[in-house]
$ cat start_29.cif   # mmCIF, N, CA and C atoms
data_data
loop_
_atom_site.group_PDB
_atom_site.id
_atom_site.type_symbol
_atom_site.label_atom_id
_atom_site.label_comp_id
_atom_site.auth_asym_id
_atom_site.auth_seq_id
_atom_site.Cartn_x
_atom_site.Cartn_y
_atom_site.Cartn_z
ATOM 1 N N MET I 119 258.216 226.502 -58.149
ATOM 2 C CA MET I 119 258.619 227.021 -56.876
ATOM 3 C C MET I 119 258.056 228.437 -56.769
ATOM 4 N N VAL I 120 257.272 228.683 -55.714
ATOM 5 C CA VAL I 120 256.624 229.983 -55.531
ATOM 6 C C VAL I 120 257.270 230.723 -54.370
ATOM 7 N N ARG I 121 257.601 231.987 -54.607
ATOM 8 C CA ARG I 121 258.190 232.807 -53.562
ATOM 9 C C ARG I 121 257.162 233.726 -52.918
ATOM 10 N N SER I 122 256.047 233.987 -53.609
ATOM 11 C CA SER I 122 255.002 234.871 -53.085
ATOM 12 C C SER I 122 253.639 234.319 -53.492
ATOM 13 N N ALA I 123 252.736 234.158 -52.517
ATOM 14 C CA ALA I 123 251.393 233.638 -52.797
ATOM 15 C C ALA I 123 250.378 234.313 -51.879
ATOM 16 N N PRO I 124 250.072 235.603 -52.130
ATOM 17 C CA PRO I 124 249.124 236.318 -51.270
ATOM 18 C C PRO I 124 247.699 235.771 -51.407
ATOM 19 N N LEU I 125 246.930 235.908 -50.334
ATOM 20 C CA LEU I 125 245.534 235.488 -50.360
ATOM 21 C C LEU I 125 244.755 236.347 -51.347
ATOM 22 N N TYR I 126 243.833 235.721 -52.086
ATOM 23 C CA TYR I 126 243.019 236.431 -53.068
ATOM 24 C C TYR I 126 241.543 236.431 -52.674
ATOM 25 N N GLY I 127 241.013 235.251 -52.364
ATOM 26 C CA GLY I 127 239.592 235.136 -52.071
ATOM 27 C C GLY I 127 239.209 233.700 -51.800
ATOM 28 N N VAL I 128 237.967 233.354 -52.159
ATOM 29 C CA VAL I 128 237.452 232.021 -51.869
ATOM 30 C C VAL I 128 236.584 231.503 -53.011
ATOM 31 N N ILE I 129 236.354 230.195 -53.008
ATOM 32 C CA ILE I 129 235.388 229.531 -53.882
ATOM 33 C C ILE I 129 234.395 228.848 -52.953
ATOM 34 N N GLY I 130 233.129 228.867 -53.326
ATOM 35 C CA GLY I 130 232.130 228.230 -52.474
ATOM 36 C C GLY I 130 230.717 228.438 -52.994
ATOM 37 N N THR I 131 229.776 228.560 -52.058
ATOM 38 C CA THR I 131 228.360 228.666 -52.396
ATOM 39 C C THR I 131 227.808 230.032 -52.006
ATOM 40 N N PRO I 132 227.251 230.770 -52.976
ATOM 41 C CA PRO I 132 226.615 232.041 -52.641
ATOM 42 C C PRO I 132 225.202 231.810 -52.093
ATOM 43 N N TYR I 133 224.761 232.702 -51.222
ATOM 44 C CA TYR I 133 223.422 232.652 -50.647
ATOM 45 C C TYR I 133 222.759 234.003 -50.823
ATOM 46 N N GLU I 134 221.429 234.018 -50.715
ATOM 47 C CA GLU I 134 220.695 235.283 -50.742
ATOM 48 C C GLU I 134 219.544 235.211 -49.752
ATOM 49 N N TRP I 135 219.100 236.376 -49.312
ATOM 50 C CA TRP I 135 217.965 236.469 -48.405
ATOM 51 C C TRP I 135 216.712 236.651 -49.240
ATOM 52 N N THR I 136 215.699 235.803 -49.016
ATOM 53 C CA THR I 136 214.430 235.898 -49.729
ATOM 54 C C THR I 136 213.309 236.024 -48.708
ATOM 55 N N ALA I 137 212.086 236.178 -49.179
ATOM 56 C CA ALA I 137 210.927 236.256 -48.290
ATOM 57 C C ALA I 137 210.741 234.955 -47.512
ATOM 58 N N GLN I 138 211.238 233.845 -48.054
ATOM 59 C CA GLN I 138 211.143 232.544 -47.394
ATOM 60 C C GLN I 138 212.360 232.251 -46.509
ATOM 61 N N GLY I 139 213.323 233.142 -46.462
ATOM 62 C CA GLY I 139 214.521 232.947 -45.659
ATOM 63 C C GLY I 139 215.765 232.875 -46.534
ATOM 64 N N VAL I 140 216.815 232.318 -45.999
ATOM 65 C CA VAL I 140 218.081 232.218 -46.721
ATOM 66 C C VAL I 140 218.000 231.098 -47.755
ATOM 67 N N LYS I 141 218.469 231.402 -48.982
ATOM 68 C CA LYS I 141 218.401 230.437 -50.080
ATOM 69 C C LYS I 141 219.779 230.297 -50.724
ATOM 70 N N ALA I 142 220.219 229.047 -50.927
ATOM 71 C CA ALA I 142 221.486 228.784 -51.615
ATOM 72 C C ALA I 142 221.313 229.010 -53.112
ATOM 73 N N LEU I 143 222.305 229.621 -53.721
ATOM 74 C CA LEU I 143 222.305 229.845 -55.164
ATOM 75 C C LEU I 143 223.301 228.885 -55.808
ATOM 76 N N ALA I 144 223.209 228.766 -57.112
ATOM 77 C CA ALA I 144 224.148 227.894 -57.834
ATOM 78 C C ALA I 144 225.527 228.533 -57.846
ATOM 79 N N GLY I 145 226.545 227.774 -57.453
ATOM 80 C CA GLY I 145 227.923 228.250 -57.506
ATOM 81 C C GLY I 145 228.525 227.932 -58.858
ATOM 82 N N ASP I 146 229.568 228.672 -59.243
ATOM 83 C CA ASP I 146 230.186 228.439 -60.544
ATOM 84 C C ASP I 146 231.694 228.190 -60.463
ATOM 85 N N ASP I 147 232.222 227.996 -59.268
ATOM 86 C CA ASP I 147 233.645 227.724 -59.060
ATOM 87 C C ASP I 147 234.561 228.851 -59.543
ATOM 88 N N VAL I 148 234.008 230.058 -59.665
ATOM 89 C CA VAL I 148 234.817 231.226 -59.992
ATOM 90 C C VAL I 148 235.231 231.874 -58.674
ATOM 91 N N PRO I 149 236.521 232.125 -58.460
ATOM 92 C CA PRO I 149 236.948 232.732 -57.202
ATOM 93 C C PRO I 149 236.315 234.099 -56.961
ATOM 94 N N VAL I 150 235.898 234.337 -55.713
ATOM 95 C CA VAL I 150 235.337 235.618 -55.302
ATOM 96 C C VAL I 150 236.411 236.325 -54.475
ATOM 97 N N PRO I 151 236.845 237.524 -54.896
ATOM 98 C CA PRO I 151 237.890 238.213 -54.150
ATOM 99 C C PRO I 151 237.385 238.701 -52.792
ATOM 100 N N TYR I 152 238.305 238.834 -51.839
ATOM 101 C CA TYR I 152 237.945 239.289 -50.499
ATOM 102 C C TYR I 152 237.307 240.666 -50.507
ATOM 103 N N ARG I 153 237.597 241.499 -51.485
ATOM 104 C CA ARG I 153 237.040 242.852 -51.533
ATOM 105 C C ARG I 153 235.605 242.892 -52.063
ATOM 106 N N ASP I 154 235.069 241.766 -52.531
ATOM 107 C CA ASP I 154 233.716 241.711 -53.085
ATOM 108 C C ASP I 154 232.681 241.943 -51.983
ATOM 109 N N PRO I 155 231.759 242.894 -52.167
ATOM 110 C CA PRO I 155 230.754 243.167 -51.134
ATOM 111 C C PRO I 155 229.781 242.003 -50.912
ATOM 112 N N GLY I 156 229.632 241.115 -51.881
ATOM 113 C CA GLY I 156 228.737 239.966 -51.742
ATOM 114 C C GLY I 156 229.331 238.834 -50.921
ATOM 115 N N LEU I 157 230.559 238.991 -50.493
ATOM 116 C CA LEU I 157 231.234 237.920 -49.762
ATOM 117 C C LEU I 157 230.539 237.607 -48.444
ATOM 118 N N LYS I 158 229.815 238.542 -47.861
ATOM 119 C CA LYS I 158 229.136 238.281 -46.588
ATOM 120 C C LYS I 158 228.005 237.263 -46.756
ATOM 121 N N TRP I 159 227.565 237.022 -47.990
ATOM 122 C CA TRP I 159 226.518 236.029 -48.261
ATOM 123 C C TRP I 159 227.108 234.813 -48.964
ATOM 124 N N PHE I 160 228.286 234.427 -48.564
ATOM 125 C CA PHE I 160 229.032 233.371 -49.246
ATOM 126 C C PHE I 160 229.549 232.373 -48.219
ATOM 127 N N LEU I 161 229.340 231.076 -48.474
ATOM 128 C CA LEU I 161 229.896 230.026 -47.624
ATOM 129 C C LEU I 161 231.101 229.441 -48.361
ATOM 130 N N ALA I 162 232.287 229.762 -47.889
ATOM 131 C CA ALA I 162 233.519 229.362 -48.563
ATOM 132 C C ALA I 162 233.816 227.889 -48.322
ATOM 133 N N SER I 163 234.326 227.229 -49.362
ATOM 134 C CA SER I 163 234.768 225.844 -49.238
ATOM 135 C C SER I 163 236.235 225.684 -49.630
ATOM 136 N N GLN I 164 236.786 226.703 -50.346
ATOM 137 C CA GLN I 164 238.182 226.641 -50.775
ATOM 138 C C GLN I 164 238.817 228.027 -50.683
ATOM 139 N N LEU I 165 240.046 228.058 -50.254
ATOM 140 C CA LEU I 165 240.832 229.284 -50.191
ATOM 141 C C LEU I 165 241.588 229.443 -51.508
ATOM 142 N N VAL I 166 241.671 230.673 -52.015
ATOM 143 C CA VAL I 166 242.358 230.930 -53.281
ATOM 144 C C VAL I 166 243.519 231.897 -53.041
ATOM 145 N N ARG I 167 244.663 231.561 -53.598
ATOM 146 C CA ARG I 167 245.844 232.431 -53.524
ATOM 147 C C ARG I 167 246.267 232.820 -54.940
ATOM 148 N N THR I 168 246.920 233.959 -55.058
ATOM 149 C CA THR I 168 247.506 234.396 -56.321
ATOM 150 C C THR I 168 248.979 234.018 -56.286
ATOM 151 N N LEU I 169 249.419 233.262 -57.282
ATOM 152 C CA LEU I 169 250.826 232.857 -57.332
ATOM 153 C C LEU I 169 251.632 233.921 -58.056
ATOM 154 N N ARG I 170 252.623 234.480 -57.345
ATOM 155 C CA ARG I 170 253.498 235.505 -57.912
ATOM 156 C C ARG I 170 254.942 235.118 -57.650
ATOM 157 N N ASP I 171 255.824 235.664 -58.430
ATOM 158 C CA ASP I 171 257.255 235.432 -58.264
ATOM 159 C C ASP I 171 257.542 233.933 -58.167
ATOM 160 N N PHE I 172 257.313 233.230 -59.267
ATOM 161 C CA PHE I 172 257.470 231.783 -59.280
ATOM 162 C C PHE I 172 258.403 231.337 -60.400
ATOM 163 N N THR I 173 258.884 230.123 -60.276
ATOM 164 C CA THR I 173 259.733 229.501 -61.277
ATOM 165 C C THR I 173 259.130 228.153 -61.649
ATOM 166 N N VAL I 174 258.949 227.929 -62.936
ATOM 167 C CA VAL I 174 258.425 226.653 -63.430
ATOM 168 C C VAL I 174 259.607 225.737 -63.727
ATOM 169 N N PHE I 175 259.507 224.480 -63.286
ATOM 170 C CA PHE I 175 260.583 223.526 -63.538
ATOM 171 C C PHE I 175 259.988 222.142 -63.728
ATOM 172 N N ASP I 176 260.774 221.259 -64.280
ATOM 173 C CA ASP I 176 260.378 219.870 -64.480
ATOM 174 C C ASP I 176 260.785 219.097 -63.227
ATOM 175 N N PRO I 177 259.850 218.489 -62.510
ATOM 176 C CA PRO I 177 260.188 217.746 -61.296
ATOM 177 C C PRO I 177 261.222 216.643 -61.539
ATOM 178 N N ASP I 178 261.285 216.119 -62.755
ATOM 179 C CA ASP I 178 262.265 215.080 -63.066
ATOM 180 C C ASP I 178 263.702 215.616 -63.017
ATOM 181 N N ASP I 179 263.846 216.940 -63.097
ATOM 182 C CA ASP I 179 265.172 217.544 -63.054
ATOM 183 C C ASP I 179 265.694 217.710 -61.625
ATOM 184 N N LEU I 180 264.851 217.520 -60.633
ATOM 185 C CA LEU I 180 265.277 217.652 -59.238
ATOM 186 C C LEU I 180 266.104 216.444 -58.809
ATOM 187 N N THR I 181 267.041 216.720 -57.968
ATOM 188 C CA THR I 181 267.819 215.632 -57.352
ATOM 189 C C THR I 181 267.588 215.703 -55.857
ATOM 190 N N THR I 182 268.027 214.728 -55.137
ATOM 191 C CA THR I 182 267.893 214.715 -53.678
ATOM 192 C C THR I 182 268.608 215.918 -53.082
ATOM 193 N N LEU I 183 269.743 216.317 -53.640
ATOM 194 C CA LEU I 183 270.475 217.463 -53.121
ATOM 195 C C LEU I 183 269.691 218.753 -53.303
ATOM 196 N N ASP I 184 268.916 218.891 -54.394
ATOM 197 C CA ASP I 184 268.094 220.074 -54.609
ATOM 198 C C ASP I 184 267.040 220.202 -53.526
ATOM 199 N N LEU I 185 266.487 219.101 -53.081
ATOM 200 C CA LEU I 185 265.436 219.129 -52.077
ATOM 201 C C LEU I 185 265.979 219.505 -50.697
ATOM 202 N N ILE I 186 267.216 219.180 -50.419
ATOM 203 C CA ILE I 186 267.820 219.495 -49.120
ATOM 204 C C ILE I 186 268.193 220.967 -49.043
ATOM 205 N N ALA I 187 268.645 221.538 -50.125
ATOM 206 C CA ALA I 187 269.128 222.939 -50.151
ATOM 207 C C ALA I 187 268.031 223.925 -50.061
#
$ encode --input "start_29.cif" --output "structure tokens"
Amino acid sequence: MVRSAPLYGVIGTPYEWTAQGVKALAGDDVPVPYRDPGLKWFLASQLVRTLRDFTVFDPDDLTTLDLIA
């Protein structure tokens, strides 16, 4: 159960400008933070959030009443 999940960045495909035009580079599935200056040359395919203030539990321990509350 997560109480806070602020946006962090994205995962996707980086691009660069070359003499032949725009070229796709190999992606590595490492999240790129929104503050990264290279983000303007990035085509995002997934949104990434940072999970904070969370509680880990076993789903088998939940009851129907827990889901309603």
$ select_by_dssp --input "start_29.cif" --residues "chain I" --states "helix (DSSP H, G or I)" --output "list in words"
Pro155, Gly156, Leu157, Lys158, Trp159, Pro177, Asp178, Asp179, Thr182, Leu183, Asp184, Leu185 and Ile186 of chain I
$ write_last_selection --input "start_29.cif" --atoms "N, CA and C atoms" --output "compact mmCIF listing (two decimals), in the coordinates of the input"
# COMPACT_ATOMS: atom_id res chain seq x y z
N PRO I 155 231.76 242.89 -52.17
CA PRO I 155 230.75 243.17 -51.13
C PRO I 155 229.78 242.00 -50.91
N GLY I 156 229.63 241.12 -51.88
CA GLY I 156 228.74 239.97 -51.74
C GLY I 156 229.33 238.83 -50.92
N LEU I 157 230.56 238.99 -50.49
CA LEU I 157 231.23 237.92 -49.76
C LEU I 157 230.54 237.61 -48.44
N LYS I 158 229.82 238.54 -47.86
CA LYS I 158 229.14 238.28 -46.59
C LYS I 158 228.00 237.26 -46.76
N TRP I 159 227.56 237.02 -47.99
CA TRP I 159 226.52 236.03 -48.26
C TRP I 159 227.11 234.81 -48.96
N PRO I 177 259.85 218.49 -62.51
CA PRO I 177 260.19 217.75 -61.30
C PRO I 177 261.22 216.64 -61.54
N ASP I 178 261.29 216.12 -62.76
CA ASP I 178 262.26 215.08 -63.07
C ASP I 178 263.70 215.62 -63.02
N ASP I 179 263.85 216.94 -63.10
CA ASP I 179 265.17 217.54 -63.05
C ASP I 179 265.69 217.71 -61.62
N THR I 182 268.03 214.73 -55.14
CA THR I 182 267.89 214.72 -53.68
C THR I 182 268.61 215.92 -53.08
N LEU I 183 269.74 216.32 -53.64
CA LEU I 183 270.48 217.46 -53.12
C LEU I 183 269.69 218.75 -53.30
N ASP I 184 268.92 218.89 -54.39
CA ASP I 184 268.09 220.07 -54.61
C ASP I 184 267.04 220.20 -53.53
N LEU I 185 266.49 219.10 -53.08
CA LEU I 185 265.44 219.13 -52.08
C LEU I 185 265.98 219.50 -50.70
N ILE I 186 267.22 219.18 -50.42
CA ILE I 186 267.82 219.50 -49.12
C ILE I 186 268.19 220.97 -49.04
$ atom_distance --input "start_29.cif" --atom1 "atom N of Leu161 (chain I)" --atom2 "atom N of Arg121 (chain I)"
28.9 Å
$ atom_distance --input "start_29.cif" --atom1 "atom C of Asp178 (chain I)" --atom2 "atom N of Ser122 (chain I)"
22.0 Å
$ closest_residue --input "start_29.cif" --among "I:Ala162, I:Asp154, I:Arg167, I:Val174" --to "Thr131 (chain I)" --atoms "only N, CA and C atoms"
I:Ala162
$ atom_distance --input "start_29.cif" --atom1 "atom C of Pro132 (chain I)" --atom2 "atom C of Asp146 (chain I)"
11.2 Å
$ select_by_dssp --input "start_29.cif" --residues "chain I" --states "strand (DSSP E)" --output "PDB file with N, CA and C atoms, in the frame of the given file"
ATOM      1  N   VAL I 120     257.272 228.683 -55.714  1.00  0.00           N
ATOM      2  CA  VAL I 120     256.624 229.983 -55.531  1.00  0.00           C
ATOM      3  C   VAL I 120     257.270 230.723 -54.370  1.00  0.00           C
ATOM      4  N   ARG I 121     257.601 231.987 -54.607  1.00  0.00           N
ATOM      5  CA  ARG I 121     258.190 232.807 -53.562  1.00  0.00           C
ATOM      6  C   ARG I 121     257.162 233.726 -52.918  1.00  0.00           C
ATOM      7  N   SER I 122     256.047 233.987 -53.609  1.00  0.00           N
ATOM      8  CA  SER I 122     255.002 234.871 -53.085  1.00  0.00           C
ATOM      9  C   SER I 122     253.639 234.319 -53.492  1.00  0.00           C
ATOM     10  N   LEU I 125     246.930 235.908 -50.334  1.00  0.00           N
ATOM     11  CA  LEU I 125     245.534 235.488 -50.360  1.00  0.00           C
ATOM     12  C   LEU I 125     244.755 236.347 -51.347  1.00  0.00           C
ATOM     13  N   TYR I 126     243.833 235.721 -52.086  1.00  0.00           N
ATOM     14  CA  TYR I 126     243.019 236.431 -53.068  1.00  0.00           C
ATOM     15  C   TYR I 126     241.543 236.431 -52.674  1.00  0.00           C
ATOM     16  N   GLY I 127     241.013 235.251 -52.364  1.00  0.00           N
ATOM     17  CA  GLY I 127     239.592 235.136 -52.071  1.00  0.00           C
ATOM     18  C   GLY I 127     239.209 233.700 -51.800  1.00  0.00           C
ATOM     19  N   VAL I 128     237.967 233.354 -52.159  1.00  0.00           N
ATOM     20  CA  VAL I 128     237.452 232.021 -51.869  1.00  0.00           C
ATOM     21  C   VAL I 128     236.584 231.503 -53.011  1.00  0.00           C
ATOM     22  N   ILE I 129     236.354 230.195 -53.008  1.00  0.00           N
ATOM     23  CA  ILE I 129     235.388 229.531 -53.882  1.00  0.00           C
ATOM     24  C   ILE I 129     234.395 228.848 -52.953  1.00  0.00           C
ATOM     25  N   GLY I 130     233.129 228.867 -53.326  1.00  0.00           N
ATOM     26  CA  GLY I 130     232.130 228.230 -52.474  1.00  0.00           C
ATOM     27  C   GLY I 130     230.717 228.438 -52.994  1.00  0.00           C
ATOM     28  N   THR I 131     229.776 228.560 -52.058  1.00  0.00           N
ATOM     29  CA  THR I 131     228.360 228.666 -52.396  1.00  0.00           C
ATOM     30  C   THR I 131     227.808 230.032 -52.006  1.00  0.00           C
ATOM     31  N   PRO I 132     227.251 230.770 -52.976  1.00  0.00           N
ATOM     32  CA  PRO I 132     226.615 232.041 -52.641  1.00  0.00           C
ATOM     33  C   PRO I 132     225.202 231.810 -52.093  1.00  0.00           C
ATOM     34  N   TYR I 133     224.761 232.702 -51.222  1.00  0.00           N
ATOM     35  CA  TYR I 133     223.422 232.652 -50.647  1.00  0.00           C
ATOM     36  C   TYR I 133     222.759 234.003 -50.823  1.00  0.00           C
ATOM     37  N   GLU I 134     221.429 234.018 -50.715  1.00  0.00           N
ATOM     38  CA  GLU I 134     220.695 235.283 -50.742  1.00  0.00           C
ATOM     39  C   GLU I 134     219.544 235.211 -49.752  1.00  0.00           C
ATOM     40  N   TRP I 135     219.100 236.376 -49.312  1.00  0.00           N
ATOM     41  CA  TRP I 135     217.965 236.469 -48.405  1.00  0.00           C
ATOM     42  C   TRP I 135     216.712 236.651 -49.240  1.00  0.00           C
ATOM     43  N   THR I 136     215.699 235.803 -49.016  1.00  0.00           N
ATOM     44  CA  THR I 136     214.430 235.898 -49.729  1.00  0.00           C
ATOM     45  C   THR I 136     213.309 236.024 -48.708  1.00  0.00           C
ATOM     46  N   GLY I 139     213.323 233.142 -46.462  1.00  0.00           N
ATOM     47  CA  GLY I 139     214.521 232.947 -45.659  1.00  0.00           C
ATOM     48  C   GLY I 139     215.765 232.875 -46.534  1.00  0.00           C
ATOM     49  N   VAL I 140     216.815 232.318 -45.999  1.00  0.00           N
ATOM     50  CA  VAL I 140     218.081 232.218 -46.721  1.00  0.00           C
ATOM     51  C   VAL I 140     218.000 231.098 -47.755  1.00  0.00           C
ATOM     52  N   LYS I 141     218.469 231.402 -48.982  1.00  0.00           N
ATOM     53  CA  LYS I 141     218.401 230.437 -50.080  1.00  0.00           C
ATOM     54  C   LYS I 141     219.779 230.297 -50.724  1.00  0.00           C
ATOM     55  N   ALA I 142     220.219 229.047 -50.927  1.00  0.00           N
ATOM     56  CA  ALA I 142     221.486 228.784 -51.615  1.00  0.00           C
ATOM     57  C   ALA I 142     221.313 229.010 -53.112  1.00  0.00           C
ATOM     58  N   VAL I 150     235.898 234.337 -55.713  1.00  0.00           N
ATOM     59  CA  VAL I 150     235.337 235.618 -55.302  1.00  0.00           C
ATOM     60  C   VAL I 150     236.411 236.325 -54.475  1.00  0.00           C
ATOM     61  N   PRO I 151     236.845 237.524 -54.896  1.00  0.00           N
ATOM     62  CA  PRO I 151     237.890 238.213 -54.150  1.00  0.00           C
ATOM     63  C   PRO I 151     237.385 238.701 -52.792  1.00  0.00           C
ATOM     64  N   PHE I 160     228.286 234.427 -48.564  1.00  0.00           N
ATOM     65  CA  PHE I 160     229.032 233.371 -49.246  1.00  0.00           C
ATOM     66  C   PHE I 160     229.549 232.373 -48.219  1.00  0.00           C
ATOM     67  N   LEU I 161     229.340 231.076 -48.474  1.00  0.00           N
ATOM     68  CA  LEU I 161     229.896 230.026 -47.624  1.00  0.00           C
ATOM     69  C   LEU I 161     231.101 229.441 -48.361  1.00  0.00           C
ATOM     70  N   ALA I 162     232.287 229.762 -47.889  1.00  0.00           N
ATOM     71  CA  ALA I 162     233.519 229.362 -48.563  1.00  0.00           C
ATOM     72  C   ALA I 162     233.816 227.889 -48.322  1.00  0.00           C
ATOM     73  N   SER I 163     234.326 227.229 -49.362  1.00  0.00           N
ATOM     74  CA  SER I 163     234.768 225.844 -49.238  1.00  0.00           C
ATOM     75  C   SER I 163     236.235 225.684 -49.630  1.00  0.00           C
ATOM     76  N   GLN I 164     236.786 226.703 -50.346  1.00  0.00           N
ATOM     77  CA  GLN I 164     238.182 226.641 -50.775  1.00  0.00           C
ATOM     78  C   GLN I 164     238.817 228.027 -50.683  1.00  0.00           C
ATOM     79  N   LEU I 165     240.046 228.058 -50.254  1.00  0.00           N
ATOM     80  CA  LEU I 165     240.832 229.284 -50.191  1.00  0.00           C
ATOM     81  C   LEU I 165     241.588 229.443 -51.508  1.00  0.00           C
ATOM     82  N   VAL I 166     241.671 230.673 -52.015  1.00  0.00           N
ATOM     83  CA  VAL I 166     242.358 230.930 -53.281  1.00  0.00           C
ATOM     84  C   VAL I 166     243.519 231.897 -53.041  1.00  0.00           C
ATOM     85  N   ARG I 167     244.663 231.561 -53.598  1.00  0.00           N
ATOM     86  CA  ARG I 167     245.844 232.431 -53.524  1.00  0.00           C
ATOM     87  C   ARG I 167     246.267 232.820 -54.940  1.00  0.00           C
ATOM     88  N   ARG I 170     252.623 234.480 -57.345  1.00  0.00           N
ATOM     89  CA  ARG I 170     253.498 235.505 -57.912  1.00  0.00           C
ATOM     90  C   ARG I 170     254.942 235.118 -57.650  1.00  0.00           C
ATOM     91  N   ASP I 171     255.824 235.664 -58.430  1.00  0.00           N
ATOM     92  CA  ASP I 171     257.255 235.432 -58.264  1.00  0.00           C
ATOM     93  C   ASP I 171     257.542 233.933 -58.167  1.00  0.00           C
ATOM     94  N   PHE I 172     257.313 233.230 -59.267  1.00  0.00           N
ATOM     95  CA  PHE I 172     257.470 231.783 -59.280  1.00  0.00           C
ATOM     96  C   PHE I 172     258.403 231.337 -60.400  1.00  0.00           C
TER      97      PHE I 172
END
$ residues_around --input "start_29.cif" --residues "Leu125 (chain I)" --least-positions-apart "4" --cutoff "7 Å" --atoms "all atoms listed in the file" --output "VMD selection string"
chain I and resid 152 166 to 168
$ resolve_selection --input "start_29.cif" --expression "the PyMOL selection byres (((chain I and resi 172 and name CA) around 6) and name CA)" --output "CSV table (one decimal) with N, CA and C atoms, in the coordinates of the input"
chain,number,residue,atom,x,y,z
I,119,MET,N,258.2,226.5,-58.1
I,119,MET,CA,258.6,227.0,-56.9
I,119,MET,C,258.1,228.4,-56.8
I,120,VAL,N,257.3,228.7,-55.7
I,120,VAL,CA,256.6,230.0,-55.5
I,120,VAL,C,257.3,230.7,-54.4
I,121,ARG,N,257.6,232.0,-54.6
I,121,ARG,CA,258.2,232.8,-53.6
I,121,ARG,C,257.2,233.7,-52.9
I,170,ARG,N,252.6,234.5,-57.3
I,170,ARG,CA,253.5,235.5,-57.9
I,170,ARG,C,254.9,235.1,-57.6
I,171,ASP,N,255.8,235.7,-58.4
I,171,ASP,CA,257.3,235.4,-58.3
I,171,ASP,C,257.5,233.9,-58.2
I,173,THR,N,258.9,230.1,-60.3
I,173,THR,CA,259.7,229.5,-61.3
I,173,THR,C,259.1,228.2,-61.6
$ build_atoms --input "start_29.cif" --residues "region 172-177 of chain I" --atoms "all heavy atoms" --output "tab-separated table (two decimals), keeping the file's coordinate frame"
chain	number	residue	atom	x	y	z
I	172	PHE	N	257.31	233.23	-59.27
I	172	PHE	CA	257.47	231.78	-59.28
I	172	PHE	C	258.40	231.34	-60.40
I	172	PHE	O	258.67	232.08	-61.33
I	172	PHE	CB	256.12	231.09	-59.43
I	172	PHE	CG	255.37	231.48	-60.67
I	172	PHE	CD1	255.55	230.79	-61.86
I	172	PHE	CD2	254.47	232.54	-60.65
I	172	PHE	CE1	254.85	231.14	-63.00
I	172	PHE	CE2	253.77	232.91	-61.79
I	172	PHE	CZ	253.97	232.21	-62.96
I	173	THR	N	258.88	230.12	-60.28
I	173	THR	CA	259.73	229.50	-61.28
I	173	THR	C	259.13	228.15	-61.65
I	173	THR	O	258.82	227.36	-60.77
I	173	THR	CB	261.16	229.27	-60.73
I	173	THR	OG1	261.69	230.53	-60.30
I	173	THR	CG2	262.06	228.66	-61.78
I	174	VAL	N	258.95	227.93	-62.94
I	174	VAL	CA	258.42	226.65	-63.43
I	174	VAL	C	259.61	225.74	-63.73
I	174	VAL	O	260.60	226.16	-64.31
I	174	VAL	CB	257.58	226.86	-64.71
I	174	VAL	CG1	257.08	225.54	-65.24
I	174	VAL	CG2	256.43	227.81	-64.43
I	175	PHE	N	259.51	224.48	-63.29
I	175	PHE	CA	260.58	223.53	-63.54
I	175	PHE	C	259.99	222.14	-63.73
I	175	PHE	O	258.85	221.89	-63.38
I	175	PHE	CB	261.60	223.53	-62.39
I	175	PHE	CG	261.04	223.03	-61.10
I	175	PHE	CD1	261.13	221.69	-60.75
I	175	PHE	CD2	260.41	223.89	-60.22
I	175	PHE	CE1	260.60	221.23	-59.56
I	175	PHE	CE2	259.87	223.44	-59.03
I	175	PHE	CZ	259.96	222.11	-58.70
I	176	ASP	N	260.77	221.26	-64.28
I	176	ASP	CA	260.38	219.87	-64.48
I	176	ASP	C	260.79	219.10	-63.23
I	176	ASP	O	261.97	219.05	-62.89
I	176	ASP	CB	261.08	219.31	-65.71
I	176	ASP	CG	260.66	217.89	-66.04
I	176	ASP	OD1	260.05	217.21	-65.18
I	176	ASP	OD2	260.95	217.46	-67.17
I	177	PRO	N	259.85	218.49	-62.51
I	177	PRO	CA	260.19	217.75	-61.30
I	177	PRO	C	261.22	216.64	-61.54
I	177	PRO	O	261.97	216.28	-60.64
I	177	PRO	CB	258.86	217.15	-60.85
I	177	PRO	CG	257.82	218.01	-61.47
I	177	PRO	CD	258.42	218.50	-62.75
